[in-house]
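K.L.:
Below: one structure in structure tokens.
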Amino acid sequence: MRRPTMPAFVLLAAPTMLAMTLAGAPRVAAQAPDAAVHRQWMNDASDAQEDYRFAVTDKDQKSAVEALGKLESFMARTEDYWTARKSADGIRLAKAARASAAQAATAAKRGDLAAASTAFDAMGASCNTCHELHLEKR
């Protein structure tokens, strides 16, 4: 007796459907990072800011987009960090920085480095305000 088999399209589509489902899933923080991890993100974000500045100087759109993508990711993590600590001002400033980084990345992808730099400067202002509040000491 022949055993029933699954149609090939089901076997091929299942991994794709799973990946699409997981990609759309909300971020869930397994465990809040500690201050040392957060400081490392901030150091990495500083490096990404320098990478962006060099990219603009070199008129290197691809590197500018890459650096801004990293910054947006660091700001998302920073938002999660302050959310776990229930710090309203940290959350607010991280959201603002993340939004500015996303806006800068969108402009850079269009090739508009002037608009990207304006949004990058706004992101920097949010970062500076957060650092001036010495949130890391809370």
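Order determines the names: the first chain of the structure tokens is A, the second B, and so forth; residues in each chain are numbered 1 upward, and ligands are numbered 1 upward as they are shown.
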Skipping near chain neighbours, those fewer than 5 positions away, what residues fall within 12 Å of segment 57-74 of chain A using only C-alpha atoms, listed as an MDAnalysis selection string?
P.N.:
chainID A and resid 37:52 79:81 94:114 116:117 119:121 123:124 127
K.L.:
Could you dump the residues just selected with C-alpha atoms as a short mmCIF file (atom, residue, chain, number, x, y, z; two decimals), in the first residue's frame?
P.N.:
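Below is the file that was written, selection-v5.cif:
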```
data_model
loop_
_atom_site.label_atom_id
_atom_site.label_comp_id
_atom_site.auth_asym_id
_atom_site.auth_seq_id
_atom_site.Cartn_x
_atom_site.Cartn_y
_atom_site.Cartn_z
CA VAL A 37 25.55 45.96 27.20
CA HIS A 38 23.80 49.28 26.70
CA ARG A 39 27.10 51.17 26.95
CA GLN A 40 28.55 48.89 24.27
CA TRP A 41 25.59 49.70 22.00
CA MET A 42 26.26 53.38 22.57
CA ASN A 43 29.92 52.91 21.64
CA ASP A 44 28.86 51.01 18.52
CA ALA A 45 26.34 53.75 17.71
CA SER A 46 29.10 56.33 18.00
CA ASP A 47 31.16 54.31 15.51
CA ALA A 48 28.16 54.15 13.15
CA GLN A 49 27.77 57.94 13.41
CA GLU A 50 31.39 58.34 12.35
CA ASP A 51 30.84 55.87 9.50
CA TYR A 52 27.90 57.99 8.34
CA GLU A 79 14.14 52.05 23.32
CA ASP A 80 13.75 48.49 24.61
CA TYR A 81 16.42 49.14 27.25
CA ALA A 94 15.05 56.83 22.04
CA LYS A 95 11.83 56.85 19.98
CA ALA A 96 12.66 60.31 18.64
CA ALA A 97 16.22 59.23 17.78
CA ARG A 98 14.95 56.06 16.11
CA ALA A 99 12.40 57.99 14.05
CA SER A 100 15.06 60.47 12.93
CA ALA A 101 17.44 57.63 12.02
CA ALA A 102 14.69 55.98 9.96
CA GLN A 103 13.91 59.30 8.25
CA ALA A 104 17.61 59.79 7.49
CA ALA A 105 17.89 56.26 6.07
CA THR A 106 14.87 56.82 3.83
CA ALA A 107 16.37 60.05 2.51
CA ALA A 108 19.76 58.41 1.96
CA LYS A 109 18.13 55.54 0.05
CA ARG A 110 16.61 58.18 -2.26
CA GLY A 111 20.08 59.64 -2.72
CA ASP A 112 19.16 62.84 -0.86
CA LEU A 113 22.14 63.12 1.49
CA ALA A 114 21.23 66.71 2.39
CA ALA A 116 19.53 62.59 5.38
CA SER A 117 21.98 64.87 7.14
CA ALA A 119 17.45 64.05 9.97
CA PHE A 120 20.82 62.73 11.21
CA ASP A 121 21.39 66.03 13.02
CA MET A 123 18.83 62.23 15.76
CA GLY A 124 22.05 63.57 17.25
CA CYS A 127 21.01 61.51 21.60
#
```
K.L.:
Could you check how far atom CA of Asn128 of chain A sits from atom CA of Leu93 of chain A, in Å to one decimal?
P.N.:
9.5 Å
